[in-house]
Every structure is written in structure tokens, then in C-alpha cells.
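Colleague: First the structure, then my questions, so here it is.
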2 protein chains.
Amino acid sequence: MLFTTATGYALRALAGLPEDGSFCLAKDLAARLDIPGPYLAKILQGLVQSDLLESVRGPKGGFRLTRPAHRITVGEVVAALEGPDSLDGCIMGFPTCGGDHPCPLHEAWGAVKAQVATSMTQATIRDLQLMDLRHLKEAKDRSGGSRP
Amino acid sequence: MLFTTATGYALRALAGLPEDGSFCLAKDLAARLDIPGPYLAKILQGLVQSDLLESVRGPKGGFRLTRPAHRITVGEVVAALEGPDSLDGCIMGFPTCGGDHPCPLHEAWGAVKAQVATSMTQATIRDLQLMDLRHLKEAKDRSGGSRP
DNA sequence: TTAATTTAGGACTAATCTGTCCTATTGTAT
DNA sequence: ATACAATAGGACAGATTAGTCCTAAATTAA
């Protein structure tokens, strides 16, 4: 996949938080979205430092979005997890690709990057919520419960 | 980058082989393209098993293409190094993305994948040769010789 | 105040990718 | 035959990512 699994987990988690702004426990999110609990906790803590989430410790604590879902773009989340320039660089890894030495895929990949970047800045967490992430857990349950 | 560094090395190496069909030593290629020698040797051995290169051991040995450069596509090389389905899967890593549960980037990414796939099957090693890879080594020399 | 709950943060393990090293094995030349 | 040069292949080391585990700190409730 183009993004890391941690980024995918972060996107799922943000979309899985309750829309009413109430706090949600990391372990509940993890169970509902079928993500390894301690790993998701780490990722959520990072999102707090990136100011996309806020957290409260102790009973009745948890995580919630710092902004409404429609005001957090997918691009922001990707940038927080993978840095702001994750799409830069030659698709083939040629260190000198560009300008006067374009690789054969330079132009095609440039157009593609622009399109992906645009999509990422337009798509928001709200769009992800519309995906109905419940089927993630259901798909796991149907496929036989415990994994090896 | 979208591909692994090993794939990038493989593409550079194939493009760097002499066009007259003569055999070329792994270490010469590595020095000319500024790629770690033993690692490149491993990659070239894999390309032999993928039938993109043929090799001869001993003095006067080395590697050469099994086919003319214009008959080896970038897609073949990528498939040999990363498997035939390296572009499949949801860009965000959603395991259930597709069909009735598309992610917000599903459509854009689908179009992008098709475009990249097409470019990869159209671009050949010959196109890479036209890049003039000599500047890789020159760029390294200019930037101060030994790396940390 | 005490106990329970939950995030914060660091250390640790496992897997993969990148890269190195050493020892065959094969081929050429003397 | 012998020495030498090159690929073949495996074991090994380092870096990064994925994931686990344990302890500390903060908050609530009794």
C-alpha cells in the first residue's frame, strides 16, 4: 500500500471516534476496528502530539477529536504520521530524477502525485466515517474469530 | 518512493548494462551507478532467476540482458522484485475497501494505479538508457567523494 | 486517603529490508 | 594441472517498522 499500516490505523481510528465529541477508550476503539491495542494506543498518543486528538487520563477518560471530523483532512493525518513530503521523490528511486534528467515515469507519476495530493486535501475524516467501519469487525467475526 | 530501493537498483542496473550484449561485471556496474556492490550482486542474481539476465562465471564473465532492452518493460522488473500484485490493495490499508465499501480515495487511486500500470508496461529498459545514467556517478563525485 | 482506571512513555521483541562477508563453484588462462 | 577471476548462495549485521509489555503519572470515585 502507498501509506504505512500505522497511517491506515490512524485514519481508521479517527474515523471510528464518536461524532458527538465524547471521549473514547483506546482499547474500545482497537477492539471495534480490529487493530492491535497497545500499538493503536501509541499511534493515538502521537496524534495527540500532532494536535489532531486530545486525551484525558483516568476513569471517564479517553480520546476525542480536537476539531470536527469534516475539518480534519486525510492529508493532515498522513503528514502527521509520515512527514509532509512523503509523496516527494522519484517513483523509481533515481536520486537525480527531475528537471533535466526525468525518469520515464516522471511525468506520469507527477500527475499522479498531484491527483493523490489533491484528493488527500479534499477528503476529510468525515468522508471516512461515511464508510461505515463496522463491517471491519463483522468481517473478522465471520472469518472465524481468533487469528493464528 | 513507491518502489523499494532494490527495485530502483535493478532498474538502474539493467539500464546500465552495455547495449552491445557484452558481459559486464557486477562490481563495475556498482561502481559506475554508485550502488553497494555486494547488494547489487544479490539483486542481479535474482534477475538471472527471473530470466531477465543471464550470467557467466569466471574471468570474462559477468551479466547481460537476455533480451534487447526495448523488449524488457519496467513492469516486468517491478513484478520480478516485488511480485505481480504490488499495486493492488487499498491505498489506506483498509482491508475491506472496494466494491460496496470504497474508501474516499478508492476511485482516485484506482485511476492512478491504472495509469501507473500502463506507464510501467509501456516504458522499457531502453527508455531508461536514454536517461543517461552517467550523471549519477558524476553527481556523487561532485558532492565530495566518500560518504559517512 | 485509598483504590481503580486510563493515558504517557520507555524498553523490549519480531519481522522485513538493506547491506556485508565468507565460502563454494564454475570458468579462463597459463 | 594450477592459479586466478568471477558468479552463487548462505550466514550474518544494521536500520526501520510493527507490535508487546511494564511502570509512572493523572484523574475519578469511594
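Identifiers in this document derive from the order of the C-alpha cells: chains are assigned A, B, ..., residues are numbered from 1 separately in each chain, and ligands are numbered from 1 in order of occurrence.
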Counting only C-alpha atoms, which residues of chain B sit at most 10 Å from some atom of chain A, and what is each one's closest atom pair with its distance in Å to one decimal, listed by chain and rising residue number, as a tab-separated table?

Modeller:
```
residue	atom	partner	partner_atom	distance
B:Met1	CA	A:Ile91	CA	5.0
B:Leu2	CA	A:Ile91	CA	5.2
B:Phe3	CA	A:Met92	CA	6.0
B:Thr4	CA	A:Gly93	CA	7.8
B:Thr5	CA	A:Gly93	CA	6.4
B:Ala6	CA	A:Gly93	CA	9.3
B:Thr7	CA	A:Met92	CA	7.4
B:Gly8	CA	A:Met92	CA	5.1
B:Tyr9	CA	A:Gly93	CA	8.1
B:Ala10	CA	A:Met92	CA	9.8
B:Leu11	CA	A:Met92	CA	7.9
B:Arg12	CA	A:Phe94	CA	7.9
B:Val74	CA	A:Pro104	CA	9.3
B:Val78	CA	A:Met92	CA	9.6
B:Ser86	CA	A:Met1	CA	8.0
B:Leu87	CA	A:Met1	CA	7.1
B:Asp88	CA	A:Met1	CA	7.4
B:Gly89	CA	A:Met1	CA	6.1
B:Cys90	CA	A:Met1	CA	6.3
B:Ile91	CA	A:Met1	CA	5.0
B:Met92	CA	A:Gly8	CA	5.1
B:Gly93	CA	A:Gly8	CA	5.3
B:Phe94	CA	A:Gly8	CA	6.8
B:Pro95	CA	A:Leu136	CA	7.6
B:Thr96	CA	A:Leu136	CA	6.7
B:Cys97	CA	A:Met131	CA	9.1
B:Asp100	CA	A:Met131	CA	9.4
B:His101	CA	A:Met131	CA	6.3
B:Pro102	CA	A:Met131	CA	7.1
B:Cys103	CA	A:Met131	CA	6.6
B:Pro104	CA	A:Asp127	CA	6.3
B:Leu105	CA	A:Ser119	CA	6.6
B:Glu107	CA	A:Ser119	CA	9.9
B:Ala108	CA	A:Val116	CA	7.0
B:Trp109	CA	A:Val116	CA	7.1
B:Ala111	CA	A:Val112	CA	8.9
B:Val112	CA	A:Val112	CA	5.8
B:Lys113	CA	A:Val112	CA	8.7
B:Gln115	CA	A:Ala108	CA	7.4
B:Val116	CA	A:Ala108	CA	6.9
B:Thr118	CA	A:Ala108	CA	9.8
B:Ser119	CA	A:Leu105	CA	6.7
B:Met120	CA	A:Leu105	CA	7.6
B:Gln122	CA	A:Pro104	CA	9.6
B:Ala123	CA	A:Pro104	CA	6.5
B:Thr124	CA	A:Pro104	CA	8.5
B:Ile125	CA	A:Pro104	CA	9.4
B:Arg126	CA	A:Pro104	CA	9.8
B:Asp127	CA	A:Pro104	CA	6.3
B:Leu128	CA	A:Pro104	CA	6.4
B:Gln129	CA	A:Cys103	CA	9.8
B:Leu130	CA	A:Pro104	CA	9.0
B:Met131	CA	A:His101	CA	6.3
B:Asp132	CA	A:His101	CA	7.9
B:Leu133	CA	A:His101	CA	8.9
B:His135	CA	A:Thr96	CA	7.8
B:Leu136	CA	A:Thr96	CA	6.7
B:Ala139	CA	A:Thr96	CA	8.1
```

Colleague: Chain C near chain A within 6 Å: what's each residue's closest atom pair and its distance in Å to one decimal, counting only C-alpha atoms (C1' of nucleotides), ordered by chain then ascending residue number, as CSV?

Modeller:
```
residue,atom,partner,partner_atom,distance
C:DT5,C1',A:Pro59,CA,4.7
C:DT6,C1',A:Gly58,CA,4.1
C:DT7,C1',A:Arg57,CA,4.8
```

Colleague: How would you write, as a ChimeraX atom specification, the set of residues in chain B that DSSP gives as strand (DSSP E)?

Modeller: /B:53-56,62-65

Colleague: Give me the residues near region 8-14 of chain D as a list in words, where near means some atom within 9 Å (using only C-alpha atoms (C1' of nucleotides)) and where sequence neighbours in that chain fewer than 6 positions away do not count.

Modeller: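 Listing them by chain and then by number gives Gln45 of chain B; DT18, DG19, DT20, DC21, DC22, DT23, DA24 and DT25 of chain C.
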
Colleague: Please identify every residue of chain D that has at least one atom no more than 7 Å from any atom of chain B, counting only C-alpha atoms (C1' of nucleotides), and report them as a ChimeraX atom specification.

Modeller: /D:5-7

Colleague: Separation of CA of Leu53 (chain A) and CA of Arg67 (chain A), in Å?

Modeller: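 Interatomic distance, CA of Leu53 (chain A) to CA of Arg67 (chain A): 8.1 Å.
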